[in-house]
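Structure file entry-v1.txt (compact mmCIF, C-alpha atoms) is printed below.
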# COMPACT_ATOMS: atom_id res chain seq x y z
CA MET A 451 49.06 -13.68 39.29
CA LYS A 452 49.33 -15.86 42.35
CA LEU A 453 47.02 -15.04 45.26
CA ARG A 454 48.68 -13.76 48.39
CA THR A 455 47.51 -14.77 51.89
CA SER A 456 46.10 -11.30 52.49
CA GLN A 457 44.08 -11.55 49.28
CA LEU A 458 42.76 -14.98 50.26
CA PHE A 459 41.80 -13.56 53.64
CA LEU A 460 39.93 -10.75 51.93
CA ILE A 461 38.07 -13.23 49.70
CA ALA A 462 37.12 -15.28 52.79
CA LEU A 463 35.96 -12.10 54.49
CA VAL A 464 33.73 -11.18 51.53
CA GLY A 465 32.33 -14.75 51.59
CA GLY A 466 31.79 -14.41 55.33
CA GLY A 467 29.86 -11.21 54.76
CA PHE A 468 27.54 -12.87 52.27
CA GLY A 469 27.20 -15.92 54.53
CA ALA A 470 26.38 -13.77 57.55
CA TRP A 471 23.79 -11.78 55.62
CA TYR A 472 22.13 -14.98 54.42
CA GLY A 473 22.42 -16.50 57.92
CA VAL A 474 20.70 -13.53 59.58
CA ASP A 475 17.94 -13.66 56.96
CA THR A 476 17.50 -17.42 57.41
CA ALA A 477 17.35 -17.06 61.20
CA ARG A 478 14.78 -14.27 60.87
CA ARG A 479 12.62 -16.41 58.55
CA GLY A 480 12.99 -19.41 60.88
CA ASP A 481 11.91 -17.34 63.89
CA ALA A 482 8.93 -15.96 61.97
CA ALA A 483 7.89 -19.48 60.90
CA LEU A 484 8.17 -20.73 64.47
CA THR A 485 6.08 -17.79 65.71
CA VAL A 486 3.36 -18.74 63.23
CA MET A 487 3.57 -22.40 64.35
CA ILE A 488 3.32 -21.43 68.04
CA ARG A 489 0.39 -19.15 67.35
CA GLY A 490 -1.32 -21.90 65.32
CA ALA A 491 -0.84 -24.45 68.11
CA LYS A 492 -2.17 -22.02 70.73
CA ASN A 493 -5.18 -21.20 68.57
CA ARG A 494 -5.90 -24.91 67.95
CA SER A 495 -5.72 -25.44 71.68
CA ALA A 496 -8.11 -22.52 72.35
CA ARG A 497 -10.55 -23.87 69.73
CA ALA A 498 -10.40 -27.29 71.41
CA TYR A 499 -11.20 -25.66 74.76
CA PHE A 500 -14.13 -23.82 73.18
CA CYS A 501 -15.46 -26.97 71.51
CA HIS A 502 -14.97 -29.56 74.22
CA ALA A 503 -14.20 -28.07 77.64
CA PRO A 504 -16.77 -26.73 80.13
CA PRO A 505 -17.37 -22.98 79.52
CA GLU A 506 -15.78 -21.85 82.79
CA VAL A 507 -12.58 -23.76 81.91
CA ALA A 508 -12.62 -22.59 78.29
CA LEU A 509 -13.27 -18.90 78.99
CA PRO A 510 -9.70 -17.78 79.91
CA GLU A 511 -8.25 -19.69 76.97
CA VAL A 512 -10.71 -18.15 74.51
CA GLN A 513 -10.09 -14.71 76.01
CA ALA A 514 -6.37 -15.22 75.38
CA TRP A 515 -7.20 -16.32 71.80
CA ALA A 516 -9.24 -13.13 71.25
CA GLN A 517 -6.41 -11.07 72.73
CA ARG A 518 -3.86 -12.63 70.35
CA GLN A 519 -6.22 -11.97 67.47
CA SER A 520 -6.65 -8.31 68.39
CA GLU A 521 -2.87 -7.82 68.66
CA ALA A 522 -2.11 -9.48 65.32
CA PRO A 523 -5.30 -10.01 63.31
CA GLU A 524 -5.65 -12.77 60.72
CA ASP A 525 -5.56 -11.71 57.09
CA ASN A 526 -8.97 -13.26 56.59
CA ALA A 527 -11.49 -10.81 58.11
CA VAL A 528 -14.06 -13.56 58.76
CA LEU A 529 -11.61 -15.89 60.53
CA ALA A 530 -10.37 -12.92 62.54
CA LYS A 531 -13.80 -12.65 64.18
CA TYR A 532 -14.04 -16.29 65.29
CA PRO A 533 -12.47 -15.86 68.74
CA ARG A 534 -14.77 -12.94 69.53
CA VAL A 535 -17.81 -14.98 68.45
CA ALA A 536 -16.57 -17.92 70.53
CA LEU A 537 -16.15 -15.56 73.48
CA ALA A 538 -19.70 -14.22 73.02
CA MET A 539 -21.06 -17.79 72.89
CA LEU A 540 -19.18 -18.80 76.03
CA ASN A 541 -20.43 -15.72 77.88
CA GLU A 542 -23.97 -16.64 76.81
CA ARG A 543 -23.48 -20.20 78.09
CA LEU A 544 -22.25 -18.78 81.39
CA GLY A 545 -25.29 -16.48 81.59
CA ARG A 546 -23.21 -13.32 81.33
CA ALA A 547 -25.55 -11.44 79.01
CA GLU A 548 -23.84 -8.06 79.30
CA ALA A 549 -20.41 -9.38 78.38
CA ALA A 550 -21.92 -11.46 75.57
CA ASN A 551 -23.73 -8.44 74.12
CA ALA A 552 -20.52 -6.40 74.20
CA ASP A 553 -18.73 -9.20 72.32
CA TRP A 554 -21.54 -9.44 69.77
CA ALA A 555 -21.44 -5.68 69.26
CA GLY A 556 -17.75 -6.00 68.43
CA VAL A 557 -18.37 -8.84 66.00
CA LEU A 558 -21.28 -7.16 64.22
CA ARG A 559 -19.75 -3.68 64.00
CA GLY A 560 -19.87 -2.47 60.40
CA CYS A 561 -21.65 -5.63 59.21
CA GLU A 562 -23.87 -5.88 56.16
CA GLY A 563 -26.74 -8.19 55.27
CA GLU A 564 -26.34 -11.83 56.29
CA SER A 565 -23.22 -11.14 58.32
CA CYS A 566 -25.36 -9.17 60.79
CA LYS A 567 -27.12 -12.32 61.97
CA ARG A 568 -25.76 -13.81 65.18
CA GLU A 569 -27.11 -17.21 64.21
CA ARG A 570 -25.02 -17.27 61.08
CA TRP A 571 -21.86 -16.56 63.06
CA ARG A 572 -22.77 -19.22 65.63
CA GLU A 573 -23.13 -21.82 62.87
CA GLN A 574 -19.84 -20.78 61.28
CA VAL A 575 -17.88 -21.01 64.52
CA GLN A 576 -19.53 -24.25 65.56
CA LYS A 577 -18.28 -25.77 62.32
CA VAL A 578 -14.68 -25.73 63.58
CA CYS A 579 -15.73 -28.18 66.29
CA LYS A 580 -16.77 -30.83 63.81
CA PRO A 581 -14.18 -33.47 62.93
CA MET B 880 67.54 -30.27 27.92
CA LYS B 881 64.55 -31.28 25.88
CA GLU B 882 62.55 -28.48 24.33
CA ASP B 883 58.78 -28.22 24.98
CA SER B 884 57.19 -29.43 21.76
CA ARG B 885 53.56 -28.74 22.81
CA PRO B 886 51.63 -26.12 20.83
CA ALA B 887 51.75 -22.63 22.29
CA SER B 888 48.05 -22.68 23.31
CA SER B 889 48.52 -25.68 25.66
CA LYS B 890 51.69 -24.44 27.27
CA VAL B 891 51.43 -23.68 30.98
CA THR B 892 52.46 -20.09 31.28
CA PRO B 893 52.97 -18.29 34.61
CA ARG B 894 49.82 -16.28 33.82
CA LYS B 895 47.70 -19.46 33.36
CA LEU B 896 49.20 -21.01 36.46
CA GLY B 897 48.25 -17.93 38.44
CA GLY B 898 44.66 -18.20 37.17
CA ARG B 899 44.46 -21.83 38.28
CA TRP B 900 45.85 -21.00 41.71
CA SER B 901 43.16 -18.32 42.04
CA VAL B 902 40.50 -20.95 41.48
CA VAL B 903 42.16 -23.62 43.61
CA TYR B 904 42.54 -21.36 46.64
CA GLY B 905 40.13 -18.49 46.00
CA VAL B 906 36.93 -20.50 45.62
CA PRO B 907 37.45 -22.61 48.75
CA ALA B 908 38.37 -19.46 50.70
CA LEU B 909 35.12 -17.85 49.58
CA ALA B 910 33.12 -21.00 50.42
CA VAL B 911 34.72 -21.45 53.86
CA GLY B 912 34.19 -17.76 54.63
CA ALA B 913 30.54 -17.94 53.57
CA GLY B 914 29.96 -21.12 55.57
CA LEU B 915 31.53 -19.69 58.70
CA GLY B 916 29.65 -16.41 58.29
CA PHE B 917 26.35 -18.28 57.89
CA PHE B 918 27.01 -20.54 60.88
CA VAL B 919 28.04 -17.74 63.23
CA ALA B 920 25.21 -15.43 62.14
CA THR B 921 22.50 -18.06 62.60
CA LEU B 922 23.99 -19.14 65.91
CA LEU B 923 23.98 -15.58 67.22
CA THR B 924 20.66 -14.36 65.87
CA SER B 925 18.32 -17.38 65.74
CA ARG B 926 16.01 -17.86 68.71
CA VAL B 927 14.47 -21.07 67.38
CA ALA B 928 16.29 -23.31 69.86
CA GLN B 929 15.14 -21.23 72.83
CA ARG B 930 11.57 -20.95 71.55
CA PHE B 931 11.06 -24.56 70.44
CA PRO B 932 10.00 -25.66 73.96
CA GLU B 933 7.27 -23.00 73.79
CA PHE B 934 6.00 -24.66 70.60
CA LEU B 935 6.05 -28.11 72.21
CA GLY B 936 4.26 -26.62 75.23
CA ALA B 937 1.48 -25.25 73.02
CA GLN B 938 1.10 -28.64 71.33
CA GLN B 939 1.10 -30.38 74.70
CA GLU B 940 -1.68 -28.08 75.87
CA HIS B 941 -3.71 -28.94 72.76
CA ALA B 942 -3.11 -32.67 73.23
CA ARG B 943 -4.14 -32.41 76.89
CA VAL B 944 -7.39 -30.59 76.22
CA MET B 945 -8.26 -33.10 73.50
CA PHE B 946 -7.36 -36.05 75.74
CA CYS B 947 -9.30 -34.68 78.70
CA TYR B 948 -12.44 -33.33 77.07
CA ALA B 949 -12.85 -34.32 73.41
CA PRO B 950 -14.54 -37.48 72.15
CA ARG B 951 -12.04 -40.32 71.67
CA GLU B 952 -12.48 -40.42 67.88
CA GLN B 953 -11.35 -36.80 67.66
CA SER B 954 -8.61 -36.84 70.28
CA SER B 955 -6.92 -40.02 68.98
CA GLY B 956 -6.17 -38.40 65.63
CA VAL B 957 -4.63 -35.29 67.17
CA ILE B 958 -2.55 -37.19 69.74
CA ASP B 959 -1.34 -39.75 67.17
CA ASP B 960 -0.26 -36.96 64.83
CA TYR B 961 1.70 -35.21 67.56
CA ALA B 962 3.25 -38.51 68.66
CA LYS B 963 4.36 -39.23 65.09
CA VAL B 964 5.96 -35.79 64.77
CA ALA B 965 7.63 -36.24 68.17
CA ALA B 966 9.07 -39.58 67.01
CA GLY B 967 10.47 -37.86 63.92
CA THR B 968 12.26 -35.20 65.98
CA GLU B 969 13.42 -37.63 68.70
CA ASP B 970 11.14 -35.82 71.15
CA HIS B 971 9.38 -39.11 71.92
CA VAL B 972 12.12 -39.87 74.43
CA THR B 973 11.33 -36.76 76.47
CA ALA B 974 8.65 -36.19 79.12
CA TYR B 975 6.54 -34.51 76.39
CA GLY B 976 6.72 -37.52 74.05
CA VAL B 977 6.15 -40.03 76.84
CA GLU B 978 3.01 -38.16 77.93
CA LEU B 979 1.69 -38.29 74.35
CA LEU B 980 2.40 -42.02 74.08
CA ALA B 981 0.74 -42.62 77.45
CA GLN B 982 -2.33 -40.63 76.34
CA ALA B 983 -2.50 -42.65 73.10
CA ALA B 984 -2.25 -45.92 75.07
CA VAL B 985 -5.02 -44.88 77.49
CA LEU B 986 -7.29 -43.90 74.58
CA GLU B 987 -6.68 -47.24 72.82
CA GLU B 988 -7.38 -49.07 76.05
CA ARG B 989 -10.64 -47.18 76.53
CA ALA B 990 -11.62 -48.23 73.01
CA HIS B 991 -10.75 -51.88 73.84
CA SER B 992 -8.53 -51.84 70.80
CA ASP B 993 -6.18 -54.74 69.94
CA THR B 994 -3.34 -52.27 69.57
CA ALA B 995 -3.56 -51.03 73.19
CA GLU B 996 -0.93 -53.53 74.39
CA GLU B 997 1.47 -52.45 71.66
CA ARG B 998 0.90 -48.80 72.58
CA TRP B 999 1.64 -49.46 76.24
CA LYS B 1000 4.87 -51.23 75.34
CA LYS B 1001 5.89 -48.29 73.16
CA ALA B 1002 5.15 -45.83 75.97
CA GLU B 1003 7.05 -47.94 78.52
CA SER B 1004 10.05 -48.25 76.24
CA ALA B 1005 10.11 -44.49 75.49
CA CYS B 1006 9.75 -43.78 79.20
CA GLY B 1007 12.78 -45.98 79.93
CA ALA B 1008 14.79 -44.35 77.16
CA ALA B 1009 13.86 -40.91 78.49
CA GLY B 1010 15.33 -41.90 81.87
CA MET B 1011 12.12 -41.16 83.75
CA ALA B 1012 11.85 -42.51 87.28
CA ALA B 1013 8.50 -44.32 87.05
CA CYS B 1014 7.62 -46.25 83.91
CA SER B 1015 5.03 -48.74 85.06
CA ARG B 1016 1.66 -48.76 83.33
CA GLU B 1017 0.03 -47.19 86.36
CA ALA B 1018 2.65 -44.44 86.49
CA LEU B 1019 2.13 -43.72 82.80
CA ARG B 1020 -1.64 -43.69 83.24
CA SER B 1021 -1.21 -41.20 86.11
CA LEU B 1022 1.08 -39.09 83.92
CA ALA B 1023 -1.56 -38.91 81.16
CA GLU B 1024 -4.35 -38.15 83.60
CA ALA B 1025 -2.32 -35.61 85.56
CA GLY B 1026 -2.54 -33.39 82.46
CA CYS B 1027 -6.27 -33.15 83.06
CA ALA B 1028 -5.71 -31.88 86.60
CA HIS B 1029 -3.71 -29.00 85.07
CA GLN B 1030 -6.74 -28.01 83.02
CA HIS B 1031 -8.83 -27.54 86.17
CA GLU B 1032 -6.26 -25.43 88.02
Serialized structure, structure tokens:
Amino acid sequence: MKLRTSQLFLIALVGGGFGAWYGVDTARRGDAALTVMIRGAKNRSARAYFCHAPPEVALPEVQAWAQRQSEAPEDNAVLAKYPRVALAMLNERLGRAEAANADWAGVLRGCEGESCKRERWREQVQKVCKP
Amino acid sequence: MKEDSRPASSKVTPRKLGGRWSVVYGVPALAVGAGLGFFVATLLTSRVAQRFPEFLGAQQEHARVMFCYAPREQSSGVIDDYAKVAAGTEDHVTAYGVELLAQAAVLEERAHSDTAEERWKKAESACGAAGMAACSREALRSLAEAGCAHQHE
């Protein structure tokens, strides 16, 4: 049986359907990967502000980091608390005790044992500043 | 007329010919259709091209904060990494890449490194290729340091 033009067109259409499905999926995965890369770059930048910039300059950046974290938390529960701890530490450095205590309360909510110690969290977060 | 003396199994029958035509035309039709479908679907649904500048912006922000506030030993590594990636994606001949190269040159100069001269030449050449108006060393130094003014705004 020889293929007719209409049959060839139908075959191309079926191929196009598969191609389009795979294309949409690839685009979706690409967008998701780029979102992760953008988020990673923003978080690295916020960490750099926390580690190296004066507290008053770093504060808005770290607040934005904490906001991003609250909207889409990290899978790792410990890492997810880092921006809040950084925020608490910056508020302490700026002498804003009330705001710092509120941040600490958020970090230590539901904690157990060692994880209830502020000092332990401070050490952990300070580690990200080391080269 | 000469009679076909080939064995019956190797004879080209209309049925076999039809099968070959199916492969010769059918497979390319499927492949072309799939390729076109893939191309059009990614073109219409992917937002990577529009969002890539946002990614470069986030990296630029990181490079700036490192350049402006971090110790040189730490900032050099970050800026060099970004500059290498920018060179790989041809982004070194954009304002973003030129700023990175200028930052790297300033850091090398501060460290009194032998490679500072080479870094400046690289930055000047990228600046020229990017078609930027001012590519002197002083202009590039100002470009790198202007990033720090942004941090204080």
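Atom pair atom CA of B:Val985 / atom CA of B:Ile958: separated by 11.2 Å.
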Pick from B:Arg926, B:Arg951, B:Arg989, B:Lys963, whichever lies nearest to chain A using only C-alpha atoms: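 Ranked by minimum distance to chain A, first place goes to B:Arg926.
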12 Å contact set for stretch 1010-1022 of chain B, all atoms listed in the file, chain neighbours under 2 positions out, as a ChimeraX atom specification: /B:943,971-986,988-989,995-996,998-1008,1024-1029
Within 8 Å of chain A: residues of chain B, using only C-alpha atoms, as a PyMOL selection string: chain B and resi 893-894+896-898+900-901+904-905+908-921+924-927+930-931+933-934+937-938+940-942+944-945+948-949+953+1030-1031
Atomic distance atom CA of A:Lys577 - atom CA of A:Gly560, expressed in Å with one decimal: 23.4 Å
Around the point (-15.3, -14.5, 63.9) in the file's coordinates, collect all residues with an atom within 10 Å, using all atoms listed in the file, and return them as a PDB file with C-alpha atoms, keeping the file's coordinate frame.
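Output file part_27.pdb is given in full below:
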ATOM      1  CA  ALA A 516      -9.240 -13.130  71.250  1.00  0.00           C
ATOM      2  CA  ASN A 526      -8.970 -13.260  56.590  1.00  0.00           C
ATOM      3  CA  ALA A 527     -11.490 -10.810  58.110  1.00  0.00           C
ATOM      4  CA  VAL A 528     -14.060 -13.560  58.760  1.00  0.00           C
ATOM      5  CA  LEU A 529     -11.610 -15.890  60.530  1.00  0.00           C
ATOM      6  CA  ALA A 530     -10.370 -12.920  62.540  1.00  0.00           C
ATOM      7  CA  LYS A 531     -13.800 -12.650  64.180  1.00  0.00           C
ATOM      8  CA  TYR A 532     -14.040 -16.290  65.290  1.00  0.00           C
ATOM      9  CA  PRO A 533     -12.470 -15.860  68.740  1.00  0.00           C
ATOM     10  CA  ARG A 534     -14.770 -12.940  69.530  1.00  0.00           C
ATOM     11  CA  VAL A 535     -17.810 -14.980  68.450  1.00  0.00           C
ATOM     12  CA  ALA A 536     -16.570 -17.920  70.530  1.00  0.00           C
ATOM     13  CA  LEU A 537     -16.150 -15.560  73.480  1.00  0.00           C
ATOM     14  CA  TRP A 554     -21.540  -9.440  69.770  1.00  0.00           C
ATOM     15  CA  GLY A 556     -17.750  -6.000  68.430  1.00  0.00           C
ATOM     16  CA  VAL A 557     -18.370  -8.840  66.000  1.00  0.00           C
ATOM     17  CA  LEU A 558     -21.280  -7.160  64.220  1.00  0.00           C
ATOM     18  CA  TRP A 571     -21.860 -16.560  63.060  1.00  0.00           C
ATOM     19  CA  ARG A 572     -22.770 -19.220  65.630  1.00  0.00           C
ATOM     20  CA  GLN A 574     -19.840 -20.780  61.280  1.00  0.00           C
ATOM     21  CA  VAL A 575     -17.880 -21.010  64.520  1.00  0.00           C
TER      22      VAL A 575
END
Separation of atom CA of B:Glu987 from atom CA of B:Val957, in Å and rounded to one decimal: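 So the answer is 13.4 Å.
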